[in-house]
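Chemist: Coordinates in entry_6.txt, compact mmCIF, N, CA and C atoms, are listed below.
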# COMPACT_ATOMS: atom_id res chain seq x y z
N MET A 1 1.16 -18.05 11.26
CA MET A 1 1.77 -16.99 10.48
C MET A 1 0.71 -16.39 9.56
N PRO A 2 0.56 -15.06 9.57
CA PRO A 2 -0.47 -14.44 8.72
C PRO A 2 -0.11 -14.56 7.25
N ASP A 3 -1.15 -14.64 6.44
CA ASP A 3 -0.95 -14.70 5.00
C ASP A 3 -0.42 -13.38 4.47
N LYS A 4 0.40 -13.47 3.43
CA LYS A 4 0.88 -12.28 2.76
C LYS A 4 -0.18 -11.83 1.76
N VAL A 5 -0.39 -10.54 1.66
CA VAL A 5 -1.41 -9.99 0.76
C VAL A 5 -0.71 -9.12 -0.27
N PHE A 6 -0.94 -9.44 -1.54
CA PHE A 6 -0.37 -8.66 -2.64
C PHE A 6 -1.30 -7.50 -2.95
N ILE A 7 -0.78 -6.30 -2.95
CA ILE A 7 -1.57 -5.10 -3.19
C ILE A 7 -1.44 -4.69 -4.65
N ASP A 8 -2.59 -4.57 -5.31
CA ASP A 8 -2.65 -4.15 -6.71
C ASP A 8 -2.57 -2.63 -6.80
N SER A 9 -2.18 -2.13 -7.94
CA SER A 9 -2.05 -0.68 -8.13
C SER A 9 -3.38 0.04 -7.92
N ASN A 10 -4.49 -0.59 -8.27
CA ASN A 10 -5.80 0.07 -8.11
C ASN A 10 -6.09 0.38 -6.65
N ILE A 11 -5.70 -0.49 -5.76
CA ILE A 11 -5.95 -0.24 -4.34
C ILE A 11 -5.20 1.00 -3.88
N ILE A 12 -3.97 1.12 -4.31
CA ILE A 12 -3.18 2.30 -3.94
C ILE A 12 -3.77 3.56 -4.58
N LEU A 13 -4.14 3.47 -5.84
CA LEU A 13 -4.68 4.64 -6.54
C LEU A 13 -6.01 5.10 -5.95
N TYR A 14 -6.84 4.16 -5.50
CA TYR A 14 -8.10 4.55 -4.87
C TYR A 14 -7.87 5.35 -3.60
N LEU A 15 -6.75 5.13 -2.93
CA LEU A 15 -6.44 5.92 -1.74
C LEU A 15 -6.31 7.41 -2.05
N TYR A 16 -5.91 7.72 -3.28
CA TYR A 16 -5.69 9.10 -3.68
C TYR A 16 -6.83 9.67 -4.53
N SER A 17 -7.85 8.88 -4.75
CA SER A 17 -8.98 9.31 -5.55
C SER A 17 -9.92 10.18 -4.71
N GLU A 18 -10.33 11.29 -5.28
CA GLU A 18 -11.26 12.17 -4.57
C GLU A 18 -12.70 12.00 -5.04
N ASP A 19 -12.90 11.32 -6.16
CA ASP A 19 -14.25 11.14 -6.68
C ASP A 19 -14.79 9.73 -6.49
N GLU A 20 -14.03 8.86 -5.88
CA GLU A 20 -14.43 7.48 -5.59
C GLU A 20 -14.30 7.23 -4.09
N LEU A 21 -15.09 7.95 -3.30
CA LEU A 21 -14.92 7.90 -1.85
C LEU A 21 -15.19 6.51 -1.27
N PHE A 22 -16.18 5.80 -1.80
CA PHE A 22 -16.47 4.45 -1.29
C PHE A 22 -15.26 3.55 -1.52
N LYS A 23 -14.71 3.60 -2.72
CA LYS A 23 -13.54 2.78 -3.04
C LYS A 23 -12.32 3.22 -2.25
N GLN A 24 -12.22 4.51 -1.98
CA GLN A 24 -11.12 5.03 -1.17
C GLN A 24 -11.19 4.43 0.23
N HIS A 25 -12.38 4.41 0.81
CA HIS A 25 -12.55 3.85 2.16
C HIS A 25 -12.29 2.35 2.17
N LYS A 26 -12.73 1.64 1.13
CA LYS A 26 -12.49 0.20 1.05
C LYS A 26 -10.99 -0.10 0.93
N ALA A 27 -10.28 0.68 0.13
CA ALA A 27 -8.84 0.49 -0.03
C ALA A 27 -8.13 0.71 1.30
N GLN A 28 -8.52 1.75 2.02
CA GLN A 28 -7.92 2.01 3.32
C GLN A 28 -8.23 0.89 4.30
N GLU A 29 -9.45 0.37 4.23
CA GLU A 29 -9.85 -0.73 5.09
C GLU A 29 -8.99 -1.97 4.82
N ILE A 30 -8.73 -2.25 3.55
CA ILE A 30 -7.88 -3.39 3.19
C ILE A 30 -6.49 -3.24 3.79
N LEU A 31 -5.93 -2.05 3.68
CA LEU A 31 -4.59 -1.83 4.22
C LEU A 31 -4.57 -1.85 5.74
N ASP A 32 -5.66 -1.41 6.36
CA ASP A 32 -5.73 -1.42 7.82
C ASP A 32 -5.85 -2.85 8.36
N ILE A 33 -6.59 -3.68 7.66
CA ILE A 33 -6.82 -5.05 8.11
C ILE A 33 -5.58 -5.93 7.93
N HIS A 34 -4.93 -5.77 6.78
CA HIS A 34 -3.80 -6.63 6.44
C HIS A 34 -2.49 -5.89 6.68
N ASN A 35 -1.72 -6.35 7.63
CA ASN A 35 -0.47 -5.68 7.94
C ASN A 35 0.75 -6.41 7.38
N ASN A 36 0.52 -7.43 6.58
CA ASN A 36 1.62 -8.16 5.95
C ASN A 36 1.46 -8.05 4.43
N THR A 37 1.54 -6.83 3.92
CA THR A 37 1.27 -6.59 2.51
C THR A 37 2.56 -6.55 1.69
N ILE A 38 2.39 -6.88 0.41
CA ILE A 38 3.51 -6.86 -0.54
C ILE A 38 3.12 -5.99 -1.71
N ILE A 39 4.05 -5.12 -2.12
CA ILE A 39 3.84 -4.27 -3.29
C ILE A 39 5.03 -4.48 -4.21
N SER A 40 4.75 -4.90 -5.44
CA SER A 40 5.84 -5.18 -6.38
C SER A 40 6.34 -3.89 -7.02
N THR A 41 7.52 -3.98 -7.61
CA THR A 41 8.07 -2.81 -8.32
C THR A 41 7.21 -2.47 -9.53
N GLN A 42 6.57 -3.46 -10.15
CA GLN A 42 5.68 -3.19 -11.27
C GLN A 42 4.50 -2.34 -10.81
N VAL A 43 3.94 -2.64 -9.65
CA VAL A 43 2.82 -1.86 -9.11
C VAL A 43 3.27 -0.43 -8.82
N ILE A 44 4.45 -0.27 -8.27
CA ILE A 44 4.97 1.07 -8.00
C ILE A 44 5.12 1.85 -9.31
N ASN A 45 5.62 1.19 -10.35
CA ASN A 45 5.74 1.85 -11.65
C ASN A 45 4.38 2.22 -12.23
N GLU A 46 3.40 1.34 -12.11
CA GLU A 46 2.05 1.63 -12.60
C GLU A 46 1.44 2.81 -11.86
N VAL A 47 1.59 2.83 -10.54
CA VAL A 47 1.07 3.93 -9.74
C VAL A 47 1.74 5.24 -10.14
N SER A 48 3.04 5.23 -10.31
CA SER A 48 3.77 6.44 -10.72
C SER A 48 3.25 6.95 -12.05
N ASN A 49 3.07 6.05 -12.99
CA ASN A 49 2.61 6.43 -14.32
C ASN A 49 1.22 7.07 -14.26
N VAL A 50 0.30 6.47 -13.53
CA VAL A 50 -1.06 7.00 -13.43
C VAL A 50 -1.06 8.34 -12.70
N LEU A 51 -0.26 8.45 -11.64
CA LEU A 51 -0.21 9.72 -10.90
C LEU A 51 0.33 10.85 -11.77
N PHE A 52 1.29 10.55 -12.63
CA PHE A 52 1.82 11.56 -13.56
C PHE A 52 0.79 11.94 -14.62
N LYS A 53 0.25 10.93 -15.28
CA LYS A 53 -0.58 11.18 -16.47
C LYS A 53 -2.03 11.51 -16.16
N LYS A 54 -2.66 10.76 -15.28
CA LYS A 54 -4.09 10.98 -15.01
C LYS A 54 -4.31 12.01 -13.90
N PHE A 55 -3.56 11.86 -12.81
CA PHE A 55 -3.74 12.77 -11.67
C PHE A 55 -2.95 14.07 -11.85
N ARG A 56 -2.01 14.05 -12.81
CA ARG A 56 -1.19 15.22 -13.14
C ARG A 56 -0.41 15.77 -11.93
N LEU A 57 0.13 14.85 -11.15
CA LEU A 57 0.96 15.27 -10.02
C LEU A 57 2.37 15.59 -10.51
N SER A 58 3.03 16.44 -9.77
CA SER A 58 4.43 16.76 -10.09
C SER A 58 5.33 15.60 -9.70
N ALA A 59 6.55 15.63 -10.20
CA ALA A 59 7.51 14.58 -9.88
C ALA A 59 7.77 14.51 -8.38
N ILE A 60 7.81 15.65 -7.74
CA ILE A 60 8.04 15.69 -6.28
C ILE A 60 6.88 15.03 -5.54
N ASP A 61 5.65 15.32 -5.97
CA ASP A 61 4.49 14.72 -5.31
C ASP A 61 4.41 13.22 -5.55
N VAL A 62 4.75 12.78 -6.75
CA VAL A 62 4.77 11.35 -7.04
C VAL A 62 5.84 10.67 -6.18
N GLU A 63 6.98 11.30 -6.04
CA GLU A 63 8.03 10.74 -5.19
C GLU A 63 7.56 10.60 -3.75
N LYS A 64 6.81 11.59 -3.25
CA LYS A 64 6.29 11.52 -1.89
C LYS A 64 5.35 10.33 -1.73
N VAL A 65 4.49 10.11 -2.73
CA VAL A 65 3.56 8.98 -2.68
C VAL A 65 4.33 7.67 -2.66
N ILE A 66 5.32 7.55 -3.54
CA ILE A 66 6.09 6.31 -3.62
C ILE A 66 6.83 6.05 -2.30
N LEU A 67 7.39 7.08 -1.72
CA LEU A 67 8.07 6.90 -0.43
C LEU A 67 7.08 6.55 0.68
N GLU A 68 5.87 7.06 0.57
CA GLU A 68 4.84 6.77 1.58
C GLU A 68 4.42 5.30 1.52
N ILE A 69 4.31 4.77 0.30
CA ILE A 69 3.90 3.36 0.21
C ILE A 69 5.08 2.44 0.40
Write out the structure in this file as structure tokens.

Modeler:
Amino acid sequence: MPDKVFIDSNIILYLYSEDELFKQHKAQEILDIHNNTIISTQVINEVSNVLFKKFRLSAIDVEKVILEI
């Protein structure tokens, strides 16, 4: 049975970063390698908060990201 991998908010946020391309590729690589991942509701809340405040995404765009993950 494969191990479960807990995904931190930083890994998700790096996927949407345009100025950290190396980290973006590493985050995608982590998700591609591990197909038994777990994302907590706290991580989803942290991602939502950063996308609103730092990335300045609209509520609709943040909702799309949350539904995607």

Chemist: From the DSSP assignment of the backbone, select every residue of chain A that is alpha helix (DSSP H), and format the answer as JSON, numbers by chain.

Modeler: {"A": [9, 10, 11, 12, 13, 14, 15, 21, 22, 23, 24, 25, 26, 27, 28, 29, 30, 31, 32, 33, 41, 42, 43, 44, 45, 46, 47, 48, 49, 50, 51, 52, 53, 59, 60, 61, 62, 63, 64, 65, 66, 67, 68]}

Chemist: With range 6-17 of chain A as the partner and 7 Å as the cut-off, tabulate the residues of range 32-54 of chain A that qualify, each row holding the nearest pair of atoms and their distance in Å to one decimal, using only N, CA and C atoms, sorted by chain and rising number, as CSV.

Modeler:
residue,atom,partner,partner_atom,distance
A:Asn36,C,A:Phe6,N,6.6
A:Thr37,CA,A:Phe6,N,5.4
A:Ile38,C,A:Ile7,N,4.1
A:Ile39,N,A:Ile7,N,5.0
A:Ser40,N,A:Ile7,N,6.2
A:Val43,CA,A:Ser9,CA,5.1
A:Ile44,N,A:Ser9,CA,6.5
A:Glu46,C,A:Ser9,CA,6.2
A:Val47,N,A:Ser9,CA,5.6

Chemist: Tell me, in Å to one decimal, how far CA of Ser48 in chain A is from CA of Ile66 in chain A.

Modeler: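 Value for the CA of Ser48 in chain A-CA of Ile66 in chain A distance: 7.5 Å.
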
Chemist: To one decimal place, how far is atom C of Ser58 in chain A from atom N of Asn45 in chain A in Å?

Modeler: 14.4 Å

Chemist: Would you mind reading off the distance between atom C of Asn49 in chain A and atom C of Val62 in chain A, one decimal, in Å?

Modeler: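 Rounded to one decimal, the two atoms are 10.0 Å apart.
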
Chemist: I'd like to know which residues of chain A are strand (DSSP E) (by DSSP, run on the backbone); could you write them as a PyMOL selection string?

Modeler: chain A and resi 5-6+37-38

Chemist: Applying 8 Å and all atoms listed in the file, which residues near Asn35 in chain A remain after dropping the ones on its own chain fewer than 5 positions away? List them as a list in words.

Modeler: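 Residues meeting the cut-off are Asp3, Lys4, Val5 and Ile30 of chain A.
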
Chemist: Please report, as lines of an AutoDock Vina configuration file, the centre and edge lengths in Å to one decimal of an axis-aligned box covering all listed atoms of range 7-22 of chain A with 5 Å per side.

Modeler:
center_x = -8.6
center_y = 2.9
center_z = -4.8
size_x = 25.7
size_y = 28.5
size_z = 17.0
